[in-house]
Structures are given as structure tokens and as C-alpha cells.
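Colleague: Have a peek at upload00.cif (mmCIF, C-alpha atoms and all ligand atoms).
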data_structure
loop_
_atom_site.group_PDB
_atom_site.id
_atom_site.type_symbol
_atom_site.label_atom_id
_atom_site.label_comp_id
_atom_site.auth_asym_id
_atom_site.auth_seq_id
_atom_site.Cartn_x
_atom_site.Cartn_y
_atom_site.Cartn_z
ATOM 1 C CA MET A 640 14.163 13.087 -72.508
ATOM 2 C CA VAL A 641 12.684 10.206 -70.376
ATOM 3 C CA SER A 642 9.589 8.725 -72.010
ATOM 4 C CA SER A 643 6.498 7.738 -69.996
ATOM 5 C CA ALA A 644 7.117 4.097 -71.036
ATOM 6 C CA THR A 645 10.524 4.260 -69.290
ATOM 7 C CA LYS A 646 8.988 5.804 -66.143
ATOM 8 C CA ARG A 647 6.316 3.079 -65.800
ATOM 9 C CA PRO A 648 8.589 0.237 -64.508
ATOM 10 C CA PHE A 649 10.139 2.628 -61.978
ATOM 11 C CA PHE A 650 6.769 3.619 -60.454
ATOM 12 C CA LEU A 651 5.606 -0.012 -60.550
ATOM 13 C CA SER A 652 8.621 -1.233 -58.548
ATOM 14 C CA LEU A 653 8.172 1.708 -56.133
ATOM 15 C CA LEU A 654 4.538 0.705 -55.618
ATOM 16 C CA ILE A 655 5.437 -2.964 -55.095
ATOM 17 C CA GLY A 656 8.121 -1.949 -52.585
ATOM 18 C CA LEU A 657 5.597 0.167 -50.676
ATOM 19 C CA ILE A 658 3.038 -2.643 -50.626
ATOM 20 C CA ILE A 659 5.619 -5.169 -49.366
ATOM 21 C CA SER A 660 6.888 -2.899 -46.574
ATOM 22 C CA THR A 661 3.305 -2.023 -45.492
ATOM 23 C CA LEU A 662 2.319 -5.697 -45.468
ATOM 24 C CA SER A 663 5.397 -6.792 -43.516
ATOM 25 C CA TYR A 664 4.673 -4.038 -40.939
ATOM 26 C CA ILE A 665 1.011 -5.072 -40.594
ATOM 27 C CA LEU A 666 1.895 -8.768 -40.385
ATOM 28 C CA GLN A 667 4.380 -8.237 -37.539
ATOM 29 C CA PRO A 668 2.608 -9.671 -34.484
ATOM 30 C CA LEU A 669 1.507 -7.358 -31.641
ATOM 31 C CA GLN A 670 3.617 -8.267 -28.599
ATOM 32 C CA PRO A 671 2.552 -8.051 -24.928
ATOM 33 C CA PHE A 672 4.051 -5.222 -22.858
ATOM 34 C CA GLN A 673 4.202 -3.816 -19.349
ATOM 35 C CA SER A 674 2.098 -0.672 -19.133
ATOM 36 C CA ILE A 675 3.826 2.207 -17.339
ATOM 37 C CA ALA A 676 1.957 5.376 -16.400
ATOM 38 C CA HIS A 677 4.194 8.371 -17.203
ATOM 39 C CA ARG A 678 4.357 10.683 -14.149
ATOM 40 C CA GLY A 679 1.292 8.667 -13.048
ATOM 41 C CA ALA A 680 -1.777 8.656 -15.281
ATOM 42 C CA SER A 681 -0.908 12.222 -16.235
ATOM 43 C CA PHE A 682 -3.504 12.545 -18.985
ATOM 44 C CA TYR A 683 -6.258 12.372 -16.345
ATOM 45 C CA ALA A 684 -4.736 14.011 -13.255
ATOM 46 C CA PRO A 685 -1.863 16.404 -12.450
ATOM 47 C CA GLU A 686 1.488 14.710 -13.091
ATOM 48 C CA ASN A 687 3.494 13.242 -10.214
ATOM 49 C CA THR A 688 0.686 13.572 -7.657
ATOM 50 C CA MET A 689 -1.061 10.970 -5.508
ATOM 51 C CA ALA A 690 -4.192 11.528 -7.647
ATOM 52 C CA ALA A 691 -2.297 10.610 -10.829
ATOM 53 C CA PHE A 692 -0.797 7.539 -9.144
ATOM 54 C CA GLN A 693 -4.190 6.384 -7.829
ATOM 55 C CA LYS A 694 -5.685 6.853 -11.296
ATOM 56 C CA ALA A 695 -2.948 4.583 -12.704
ATOM 57 C CA VAL A 696 -3.902 1.903 -10.155
ATOM 58 C CA ASP A 697 -7.586 2.300 -11.079
ATOM 59 C CA LEU A 698 -6.732 1.946 -14.777
ATOM 60 C CA ASP A 699 -4.781 -1.249 -14.061
ATOM 61 C CA PHE A 700 -1.379 -0.008 -15.177
ATOM 62 C CA ASP A 701 1.497 -2.344 -14.241
ATOM 63 C CA PHE A 702 3.862 0.461 -13.115
ATOM 64 C CA ILE A 703 3.874 4.166 -12.343
ATOM 65 C CA GLU A 704 6.834 6.218 -13.547
ATOM 66 C CA PHE A 705 7.792 9.301 -11.516
ATOM 67 C CA ASP A 706 10.721 11.655 -10.923
ATOM 68 C CA VAL A 707 12.614 12.328 -7.700
ATOM 69 C CA ARG A 708 14.707 15.294 -6.559
ATOM 70 C CA LEU A 709 16.210 16.406 -3.249
ATOM 71 C CA SER A 710 14.727 19.245 -1.218
ATOM 72 C CA LYS A 711 16.881 21.825 0.619
ATOM 73 C CA ASP A 712 16.602 19.718 3.766
ATOM 74 C CA GLY A 713 17.665 16.520 1.985
ATOM 75 C CA GLN A 714 14.264 14.825 1.522
ATOM 76 C CA LEU A 715 13.378 12.911 -1.658
ATOM 77 C CA VAL A 716 10.451 14.689 -3.282
ATOM 78 C CA VAL A 717 8.454 13.652 -6.332
ATOM 79 C CA ILE A 718 8.535 16.321 -9.043
ATOM 80 C CA HIS A 719 9.705 16.488 -12.650
ATOM 81 C CA ASP A 720 11.008 20.054 -13.067
ATOM 82 C CA ALA A 721 13.893 21.525 -11.090
ATOM 83 C CA ASP A 722 11.634 24.434 -10.084
ATOM 84 C CA VAL A 723 8.040 24.464 -8.910
ATOM 85 C CA GLN A 724 6.662 27.160 -11.199
ATOM 86 C CA ARG A 725 5.009 25.054 -13.939
ATOM 87 C CA THR A 726 3.166 22.580 -11.703
ATOM 88 C CA THR A 727 2.362 24.575 -8.552
ATOM 89 C CA ASN A 728 1.247 28.029 -7.417
ATOM 90 C CA GLY A 729 4.751 28.769 -6.099
ATOM 91 C CA VAL A 730 8.167 29.777 -7.388
ATOM 92 C CA GLY A 731 11.708 28.601 -6.694
ATOM 93 C CA TYR A 732 13.949 25.600 -7.062
ATOM 94 C CA ILE A 733 13.173 22.378 -5.202
ATOM 95 C CA GLY A 734 16.795 22.343 -3.987
ATOM 96 C CA ASP A 735 16.233 25.771 -2.346
ATOM 97 C CA LEU A 736 12.959 24.846 -0.598
ATOM 98 C CA THR A 737 12.379 22.857 2.588
ATOM 99 C CA VAL A 738 9.725 20.149 2.759
ATOM 100 C CA GLN A 739 7.639 22.454 4.969
ATOM 101 C CA GLU A 740 7.690 25.114 2.224
ATOM 102 C CA ILE A 741 7.087 22.565 -0.537
ATOM 103 C CA LYS A 742 4.075 21.090 1.251
ATOM 104 C CA MET A 743 2.315 24.476 1.301
ATOM 105 C CA LEU A 744 2.130 24.525 -2.502
ATOM 106 C CA ASP A 745 -0.962 23.630 -4.526
ATOM 107 C CA ALA A 746 0.228 21.031 -7.071
ATOM 108 C CA GLY A 747 -3.111 20.401 -8.768
ATOM 109 C CA SER A 748 -4.966 23.622 -9.700
ATOM 110 C CA TRP A 749 -2.745 24.248 -12.749
ATOM 111 C CA PHE A 750 -4.292 21.069 -14.185
ATOM 112 C CA SER A 751 -7.878 21.548 -12.968
ATOM 113 C CA PRO A 752 -9.544 23.219 -9.941
ATOM 114 C CA GLU A 753 -10.852 19.821 -8.733
ATOM 115 C CA PHE A 754 -7.238 18.885 -7.860
ATOM 116 C CA SER A 755 -6.508 21.955 -5.716
ATOM 117 C CA GLN A 756 -5.845 19.775 -2.646
ATOM 118 C CA GLU A 757 -2.980 17.889 -4.311
ATOM 119 C CA ARG A 758 0.467 18.431 -2.813
ATOM 120 C CA ILE A 759 3.945 17.522 -4.080
ATOM 121 C CA PRO A 760 4.449 14.019 -2.647
ATOM 122 C CA LEU A 761 7.500 12.761 -0.792
ATOM 123 C CA LEU A 762 8.976 9.503 -2.063
ATOM 124 C CA GLU A 763 8.218 7.935 1.339
ATOM 125 C CA GLU A 764 4.524 8.788 0.950
ATOM 126 C CA VAL A 765 4.428 7.125 -2.469
ATOM 127 C CA LEU A 766 6.209 4.040 -1.140
ATOM 128 C CA LYS A 767 3.791 3.763 1.806
ATOM 129 C CA GLN A 768 0.670 4.308 -0.282
ATOM 130 C CA PHE A 769 1.558 2.453 -3.492
ATOM 131 C CA GLY A 770 4.507 0.147 -2.749
ATOM 132 C CA GLY A 771 3.396 -3.422 -3.525
ATOM 133 C CA LYS A 772 0.096 -2.232 -5.088
ATOM 134 C CA ILE A 773 1.642 -1.215 -8.393
ATOM 135 C CA GLY A 774 5.209 -1.318 -9.720
ATOM 136 C CA LEU A 775 7.337 1.816 -9.183
ATOM 137 C CA LEU A 776 9.678 3.062 -11.926
ATOM 138 C CA ILE A 777 11.658 5.868 -10.296
ATOM 139 C CA GLU A 778 13.687 8.382 -12.305
ATOM 140 C CA MET A 779 16.614 10.047 -10.560
ATOM 141 C CA LYS A 780 16.618 13.651 -11.784
ATOM 142 C CA SER A 781 19.594 15.949 -11.622
ATOM 143 C CA SER A 782 21.833 13.529 -9.769
ATOM 144 C CA GLU A 783 24.877 15.304 -11.288
ATOM 145 C CA ASN A 784 24.002 18.408 -9.224
ATOM 146 C CA GLN A 785 22.818 16.424 -6.218
ATOM 147 C CA PRO A 786 25.168 13.397 -5.952
ATOM 148 C CA GLN A 787 23.772 12.540 -2.507
ATOM 149 C CA LEU A 788 20.414 11.780 -4.197
ATOM 150 C CA THR A 789 21.709 8.393 -5.413
ATOM 151 C CA GLN A 790 22.770 7.329 -1.925
ATOM 152 C CA ARG A 791 19.542 8.607 -0.334
ATOM 153 C CA LEU A 792 17.392 6.810 -2.874
ATOM 154 C CA SER A 793 19.295 3.562 -2.486
ATOM 155 C CA ASP A 794 19.119 3.740 1.349
ATOM 156 C CA THR A 795 15.384 4.449 1.272
ATOM 157 C CA LEU A 796 14.509 1.679 -1.178
ATOM 158 C CA MET A 797 16.717 -0.877 0.571
ATOM 159 C CA GLU A 798 14.989 -0.053 3.862
ATOM 160 C CA TYR A 799 11.600 -0.815 2.270
ATOM 161 C CA ILE A 800 12.969 -4.030 0.739
ATOM 162 C CA ASP A 801 14.287 -5.057 4.169
ATOM 163 C CA ASN A 802 10.748 -4.503 5.444
ATOM 164 C CA GLY A 803 9.205 -6.794 2.834
ATOM 165 C CA LEU A 804 8.748 -4.795 -0.374
ATOM 166 C CA LYS A 805 9.607 -7.078 -3.303
ATOM 167 C CA PRO A 806 12.609 -5.821 -5.355
ATOM 168 C CA SER A 807 10.808 -6.964 -8.531
ATOM 169 C CA THR A 808 8.232 -4.176 -7.960
ATOM 170 C CA LEU A 809 10.952 -1.488 -8.160
ATOM 171 C CA LYS A 810 12.969 -0.114 -11.064
ATOM 172 C CA VAL A 811 15.269 2.921 -11.098
ATOM 173 C CA GLN A 812 16.379 4.852 -14.175
ATOM 174 C CA SER A 813 18.362 7.942 -15.074
ATOM 175 C CA PHE A 814 19.903 9.768 -18.021
ATOM 176 C CA ASN A 815 23.094 9.962 -15.941
ATOM 177 C CA VAL A 816 25.279 6.935 -16.734
ATOM 178 C CA LYS A 817 27.729 7.532 -13.869
ATOM 179 C CA GLU A 818 25.047 7.845 -11.185
ATOM 180 C CA MET A 819 23.113 4.880 -12.563
ATOM 181 C CA LYS A 820 26.243 2.781 -12.353
ATOM 182 C CA ARG A 821 26.705 3.916 -8.747
ATOM 183 C CA PHE A 822 23.081 3.157 -7.921
ATOM 184 C CA HIS A 823 23.540 -0.389 -9.228
ATOM 185 C CA GLU A 824 26.663 -0.839 -7.080
ATOM 186 C CA LEU A 825 24.699 0.327 -4.018
ATOM 187 C CA SER A 826 21.515 -1.664 -4.803
ATOM 188 C CA PRO A 827 22.272 -4.597 -7.103
ATOM 189 C CA THR A 828 18.935 -6.269 -6.333
ATOM 190 C CA ILE A 829 16.963 -3.376 -7.861
ATOM 191 C CA SER A 830 16.611 -3.306 -11.649
ATOM 192 C CA SER A 831 18.567 -0.326 -13.082
ATOM 193 C CA GLY A 832 18.010 1.339 -16.442
ATOM 194 C CA LEU A 833 19.429 4.071 -18.652
ATOM 195 C CA LEU A 834 17.334 6.738 -20.346
ATOM 196 C CA PHE A 835 18.075 7.905 -23.886
ATOM 197 C CA GLU A 836 16.874 10.923 -25.831
ATOM 198 C CA LYS A 837 19.743 10.858 -28.361
ATOM 199 C CA PRO A 838 20.658 8.040 -30.800
ATOM 200 C CA LEU A 839 22.066 4.965 -29.075
ATOM 201 C CA ASN A 840 25.625 3.801 -29.686
ATOM 202 C CA ILE A 841 25.596 0.008 -29.859
ATOM 203 C CA PHE A 842 29.341 -0.071 -29.127
ATOM 204 C CA HIS A 843 28.499 1.009 -25.548
ATOM 205 C CA PHE A 844 25.989 -1.794 -24.984
ATOM 206 C CA ALA A 845 28.493 -4.265 -23.495
ATOM 207 C CA ASP A 846 29.608 -1.635 -20.937
ATOM 208 C CA TYR A 847 26.053 -0.581 -20.062
ATOM 209 C CA ARG A 848 25.012 -4.189 -19.607
ATOM 210 C CA LYS A 849 27.417 -4.502 -16.641
ATOM 211 C CA PHE A 850 25.016 -2.409 -14.546
ATOM 212 C CA ALA A 851 21.816 -1.762 -16.522
ATOM 213 C CA ALA A 852 19.039 -4.297 -17.079
ATOM 214 C CA PHE A 853 16.887 -2.078 -19.290
ATOM 215 C CA LEU A 854 17.089 0.860 -21.693
ATOM 216 C CA SER A 855 14.312 3.468 -21.706
ATOM 217 C CA VAL A 856 14.369 5.055 -25.113
ATOM 218 C CA ASN A 857 12.558 7.979 -26.728
ATOM 219 C CA HIS A 858 10.210 6.156 -29.126
ATOM 220 C CA HIS A 859 11.420 8.225 -32.115
ATOM 221 C CA LEU A 860 14.834 6.555 -31.778
ATOM 222 C CA LEU A 861 13.568 2.978 -31.950
ATOM 223 C CA SER A 862 13.958 0.660 -34.932
ATOM 224 C CA ASN A 863 13.801 -3.096 -35.416
ATOM 225 C CA SER A 864 17.575 -3.282 -35.754
ATOM 226 C CA ILE A 865 18.402 -1.302 -32.576
ATOM 227 C CA ILE A 866 15.895 -3.346 -30.561
ATOM 228 C CA HIS A 867 17.263 -6.583 -31.976
ATOM 229 C CA GLU A 868 20.794 -5.533 -31.015
ATOM 230 C CA ALA A 869 19.779 -4.423 -27.497
ATOM 231 C CA LYS A 870 17.913 -7.671 -26.879
ATOM 232 C CA ARG A 871 20.973 -9.628 -28.057
ATOM 233 C CA TYR A 872 22.762 -8.081 -25.046
ATOM 234 C CA GLY A 873 19.884 -9.059 -22.781
ATOM 235 C CA PHE A 874 18.374 -5.582 -22.238
ATOM 236 C CA ASP A 875 14.658 -5.008 -21.828
ATOM 237 C CA ILE A 876 13.463 -2.020 -23.866
ATOM 238 C CA TYR A 877 10.993 0.585 -22.632
ATOM 239 C CA SER A 878 9.732 3.289 -24.950
ATOM 240 C CA TRP A 879 8.613 6.785 -23.968
ATOM 241 C CA THR A 880 6.490 8.825 -24.109
ATOM 242 C CA ILE A 881 3.513 7.443 -25.973
ATOM 243 C CA LYS A 882 0.731 10.015 -26.300
ATOM 244 C CA LYS A 883 -1.304 8.725 -29.266
ATOM 245 C CA GLN A 884 -3.295 5.497 -29.463
ATOM 246 C CA TYR A 885 -1.835 4.351 -32.806
ATOM 247 C CA GLN A 886 1.672 4.529 -31.307
ATOM 248 C CA PHE A 887 0.855 1.665 -28.913
ATOM 249 C CA GLN A 888 0.461 -0.709 -31.857
ATOM 250 C CA MET A 889 3.720 0.558 -33.398
ATOM 251 C CA MET A 890 5.555 -0.157 -30.153
ATOM 252 C CA GLN A 891 3.897 -3.569 -29.819
ATOM 253 C CA ARG A 892 5.039 -4.484 -33.318
ATOM 254 C CA PHE A 893 8.588 -3.509 -32.324
ATOM 255 C CA GLY A 894 8.217 -5.907 -29.381
ATOM 256 C CA VAL A 895 9.275 -3.444 -26.645
ATOM 257 C CA ASN A 896 8.983 -4.819 -23.099
ATOM 258 C CA GLY A 897 7.353 -1.752 -21.595
ATOM 259 C CA ILE A 898 5.443 1.285 -22.866
ATOM 260 C CA ILE A 899 5.623 4.504 -20.854
ATOM 261 C CA SER A 900 2.504 6.521 -21.691
ATOM 262 C CA ASP A 901 0.325 9.328 -20.356
ATOM 263 C CA GLU A 902 -2.916 7.436 -20.979
ATOM 264 C CA GLU A 903 -3.806 3.776 -21.148
ATOM 265 C CA CYS A 904 -3.858 1.671 -24.301
ATOM 266 C CA LYS A 905 -7.519 1.719 -25.272
ATOM 267 C CA LYS A 906 -7.351 -1.436 -27.388
ATOM 268 C CA PRO A 907 -5.499 -3.855 -25.141
ATOM 269 C CA LEU A 908 -5.229 -7.400 -26.384
ATOM 270 C CA LYS A 909 -5.697 -10.516 -24.306
ATOM 271 C CA PHE A 910 -2.296 -11.591 -23.052
ATOM 272 C CA THR A 911 -1.324 -14.196 -20.508
ATOM 273 C CA THR A 912 0.956 -13.578 -17.542
ATOM 274 C CA THR A 913 4.568 -14.645 -18.025
ATOM 275 C CA SER A 914 7.543 -15.113 -15.729
ATOM 276 C CA THR A 915 8.691 -11.558 -16.582
ATOM 277 C CA GLY A 916 5.745 -10.100 -14.672
ATOM 278 C CA THR A 917 2.174 -9.043 -15.179
ATOM 279 C CA LEU A 918 1.591 -8.117 -18.770
ATOM 280 C CA LYS A 919 -1.138 -5.867 -20.088
ATOM 281 C CA LYS A 920 -4.383 -7.810 -20.228
HETATM 282 O O1 LIG B 1001 10.435 7.611 -18.371
HETATM 283 C C1 LIG B 1001 10.788 8.367 -19.456
HETATM 284 C C2 LIG B 1001 10.505 9.808 -19.303
HETATM 285 O O2 LIG B 1001 9.963 10.061 -18.056
HETATM 286 C C3 LIG B 1001 11.717 10.667 -19.499
HETATM 287 O O3 LIG B 1001 11.324 11.954 -19.755
HETATM 288 O O4 LIG B 1001 11.096 14.295 -19.201
HETATM 289 O O5 LIG B 1001 9.196 12.794 -18.787
HETATM 290 O O6 LIG B 1001 11.187 12.664 -17.338
HETATM 291 P P1 LIG B 1001 10.673 12.969 -18.712
HETATM 292 CA CA CA B 1002 10.564 10.884 -15.943
#
Using C-alpha cells, write down the structure from this file.
Modeller:
Amino acid sequence: MVSSATKRPFFLSLLIGLIISTLSYILQPLQPFQSIAHRGASFYAPENTMAAFQKAVDLDFDFIEFDVRLSKDGQLVVIHDADVQRTTNGVGYIGDLTVQEIKMLDAGSWFSPEFSQERIPLLEEVLKQFGGKIGLLIEMKSSENQPQLTQRLSDTLMEYIDNGLKPSTLKVQSFNVKEMKRFHELSPTISSGLLFEKPLNIFHFADYRKFAAFLSVNHHLLSNSIIHEAKRYGFDIYSWTIKKQYQFQMMQRFGVNGIISDEECKKPLKFTTTSTGTLKK
């Protein structure tokens, strides 16, 4: 039988261990980050609409993140889901609808009646309205089913760059490694990134680094060691999707470069601007 005198040193060392790990977490400095509005400022306005993007500008986010898909008639439209049911008053797949049909849908009432005039935006509309005003982090959705999406996106963005839009204000990401690699070959001046929702394999980092400048990682998968390793290869790290205020501080302690969140960080610290871009003030 284990006596209480034998148990005491065990609990004491457990307590000391807990205190040390809590202190080392608290003492890790809060790092500056680029603030990225997930599907626009989607806590305040319907996701992936002009209203959500304008709200992100008003809140002084550094970037808006949004998703693109191809319509039946080959236009790049801004929507997360493959079908329109969840975020509009219509039904059907984006790939089966023409822009004329898509534009008839109400993309705001599901969120609140005050947004009933919102429509699913075209990428071109977002570029015209917000290009140069706020950074654009564009996610290619479903490029495995729509391989022409990668080419269309590259052509469109390069046209805007040729007309004066700064490449540093654009980033493109995807879960699809093959299409992301192709996008980088087509548009090497635009920063490319890979999305991860499953644990990262550090043995792939050297390969990824040939075409990707950043890794966008589900925040549950992040640790000091994985971030350290990724930064050793020269990747920037973005974490998604932050929905709680306390998570901002966790991510800042990890030292991620960008935080993709639905709402803004309510306790921003005073940071200075660096050569990597505008950092959250
Ligand atoms: O940018 C990261 C995040 O957007 C990926 O998830 O489902 O919101 O597109 P999802
Ligand atoms: Ca997305």
C-alpha cells in the first residue's frame, strides 16, 4: 500500500511542473501579426459578401480571406460552399448555375434581414472595390473538380497586377497541393500558400517550400516545435479560424505571422510597421 508520505513528493513535483509550464507560457512575449478577416468580417455581416469585406476595411483588418469557385459559364465567383443552399435563398451547385442565375439570389437574409440586398460577388467586383484598399487572401476551392479555375484565377490576378495592383497585396492558398504548385508556376510573383486541417508532415516541408511561401494551419494543429520547424524552412505561418478572444493571445505567443479570424482582436497591442507589411496596431 502507498502511504500518504510517499504520495506527497509526487504531487509536489507535479505542482511545480504545472507552475513552471504556466509561467513559461505567460512569459512568452506576444508577437505582432497580420489580421485576416475570415470570409470577410463574418461575425458582423454575411460571409463572403461585399458587406463583410467593407466591415473588415472599417475594422482595420490587414487582409480579407475569401473563397472562389467557377460558375457554369466560367466566371470566378466568391462563395465558400459548393452549393448555394446554406448562404442564399436558392438551391443548386455553383458549377451548375450561370452568373445571371447566381446574381438573382439573396446572399444576406440568412444572416439578418438588414442584409437582404447582398448578392454573391464576382472576384472581379471584389478586385475593383477592394484591390489596393486591403490585402486579399484568396482560397481556391474545389480546383480538383474545376482545374481551369487555377488558370482563370492566375490570368485575372496577373491582369490586375499589369494594371498596377501591387503583388504584395495578394495571396492565394488552397488545400490542393498540385493546383497550388501549378498556380505558383503560372504566377510566381504572387505569394502562394498551402492549407492544412490534418497534422503536418515536416518531411514534406522542403518540397512545399519550392512553391509555397506560407502555411495556413488549423490552430488546433499548431505547437511551438512545428512552428519552429516551419520557420526554419522560411515559411510564414497563418492560423485559422480564431473565434474566441483568448485564442488571439495563444496565437501571438506562438508567434504566427497571420491570424485568420471571424472578428477582430479586441485587445490589440501597439506594434510598429515592419518590412513584412502592416502589422496589427
Ligand atoms: O483560411 C482558412 C480557412 O478559410 C479554411 O477553411 O472552410 O473556412 O475555407 P474554410
Ligand atoms: Ca476559406
Colleague: Expanded to explicit residues, what is the PyMOL selection byres (((chain A and resi 797) around 12) and not hetatm) for this file, as a PDB file with C-alpha atoms, keeping the file's coordinate frame?
Modeller:
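result.pdb was written with the following content:
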ATOM      1  CA  LEU A 766       6.209   4.040  -1.140  1.00  0.00           C
ATOM      2  CA  GLN A 790      22.770   7.329  -1.925  1.00  0.00           C
ATOM      3  CA  ARG A 791      19.542   8.607  -0.334  1.00  0.00           C
ATOM      4  CA  LEU A 792      17.392   6.810  -2.874  1.00  0.00           C
ATOM      5  CA  SER A 793      19.295   3.562  -2.486  1.00  0.00           C
ATOM      6  CA  ASP A 794      19.119   3.740   1.349  1.00  0.00           C
ATOM      7  CA  THR A 795      15.384   4.449   1.272  1.00  0.00           C
ATOM      8  CA  LEU A 796      14.509   1.679  -1.178  1.00  0.00           C
ATOM      9  CA  GLU A 798      14.989  -0.053   3.862  1.00  0.00           C
ATOM     10  CA  TYR A 799      11.600  -0.815   2.270  1.00  0.00           C
ATOM     11  CA  ILE A 800      12.969  -4.030   0.739  1.00  0.00           C
ATOM     12  CA  ASP A 801      14.287  -5.057   4.169  1.00  0.00           C
ATOM     13  CA  ASN A 802      10.748  -4.503   5.444  1.00  0.00           C
ATOM     14  CA  GLY A 803       9.205  -6.794   2.834  1.00  0.00           C
ATOM     15  CA  LEU A 804       8.748  -4.795  -0.374  1.00  0.00           C
ATOM     16  CA  LYS A 805       9.607  -7.078  -3.303  1.00  0.00           C
ATOM     17  CA  PRO A 806      12.609  -5.821  -5.355  1.00  0.00           C
ATOM     18  CA  LEU A 809      10.952  -1.488  -8.160  1.00  0.00           C
ATOM     19  CA  PHE A 822      23.081   3.157  -7.921  1.00  0.00           C
ATOM     20  CA  HIS A 823      23.540  -0.389  -9.228  1.00  0.00           C
ATOM     21  CA  LEU A 825      24.699   0.327  -4.018  1.00  0.00           C
ATOM     22  CA  SER A 826      21.515  -1.664  -4.803  1.00  0.00           C
ATOM     23  CA  PRO A 827      22.272  -4.597  -7.103  1.00  0.00           C
ATOM     24  CA  THR A 828      18.935  -6.269  -6.333  1.00  0.00           C
ATOM     25  CA  ILE A 829      16.963  -3.376  -7.861  1.00  0.00           C
TER      26      ILE A 829
END
Colleague: Could you pull out the residues sitting within 7 Å of ligand LIG 1001 (chain B), using all atoms listed in the file, and write them as a list in words?
Modeller: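 Answer in the requested format: His677, Arg678, Glu704, Phe705, Asp706, His719, Glu778, Leu834, Ser855, Trp879, Thr880 and Ile899 of chain A.
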Colleague: Excluding Val723 (chain A) and its own-chain neighbours fewer than 4 positions away, which residues fall within 9 Å of it when counting all atoms listed in the file? Please give them as a PyMOL selection string.
Modeller: chain A and resi 718-719+727-733+741+744+746
Colleague: Between A:Ile759, A:Val707, A:Val716, A:Leu788, which has the minimum distance to ligand CA 1002 (chain B) (counting all atoms listed in the file)?
Modeller: A:Val707
Colleague: Could you please determine the separation between CA of Asn857 (chain A) and CA of Ser748 (chain A) in Å, to one decimal place?
Modeller: 29.0 Å
Colleague: Expressed in Å to a single decimal, how great is the separation between CA of Leu776 (chain A) and CA of Gln812 (chain A)?
Modeller: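 Spanning CA of Leu776 (chain A) to CA of Gln812 (chain A) is a straight-line distance of 7.3 Å.
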Colleague: Do you know which residues are at most 9 Å from region 860-863 of chain A counting only C-alpha atoms, after dropping those on the same chain fewer than 2 positions away, and could you put them as a list in words?
Modeller: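 The contact residues come out as Phe835, Glu836, Lys837, Pro838, Leu839, Val856, Asn857, His858, Ile865, Ile866, His867, Glu868, Ser878, Met890, Phe893 and Gly894 of chain A.
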Colleague: Would you mind reading off the distance between CA of Asn784 (chain A) and CA of Lys711 (chain A), one decimal, in Å?
Modeller: 12.6 Å
Colleague: With distances taken over all atoms listed in the file, which of A:Thr661, A:Ser781, A:Ser830, A:Gln693 is nearest to ligand CA 1002 (chain B)?
Modeller: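 Counting all atoms listed in the file, the residue closest to ligand CA 1002 (chain B) is A:Ser781.
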Colleague: Just want the 9 Å neighbourhood of Lys742 (chain A), counted on only C-alpha atoms, with same-chain residues fewer than 2 positions away dropped. Output as number ranges by chain.
Modeller: A: 737-740, 744-745, 758-760
Colleague: Would you be able to write out as a PyMOL selection string which residues have an atom within 10 Å of (1.3, 2.9, -11.6) in the file's coordinates, counting all atoms listed in the file?
Modeller: chain A and resi 674-680+691-705+769-770+772-776
Colleague: Identify which of the residues A:Glu757, A:Asp720, A:Asp735, A:Glu824 lies closest to ligand CA 1002 (chain B), counting only C-alpha atoms and all ligand atoms when measuring atom-to-atom distances.
Modeller: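 Smallest separation from ligand CA 1002 (chain B) among the options: A:Asp720.
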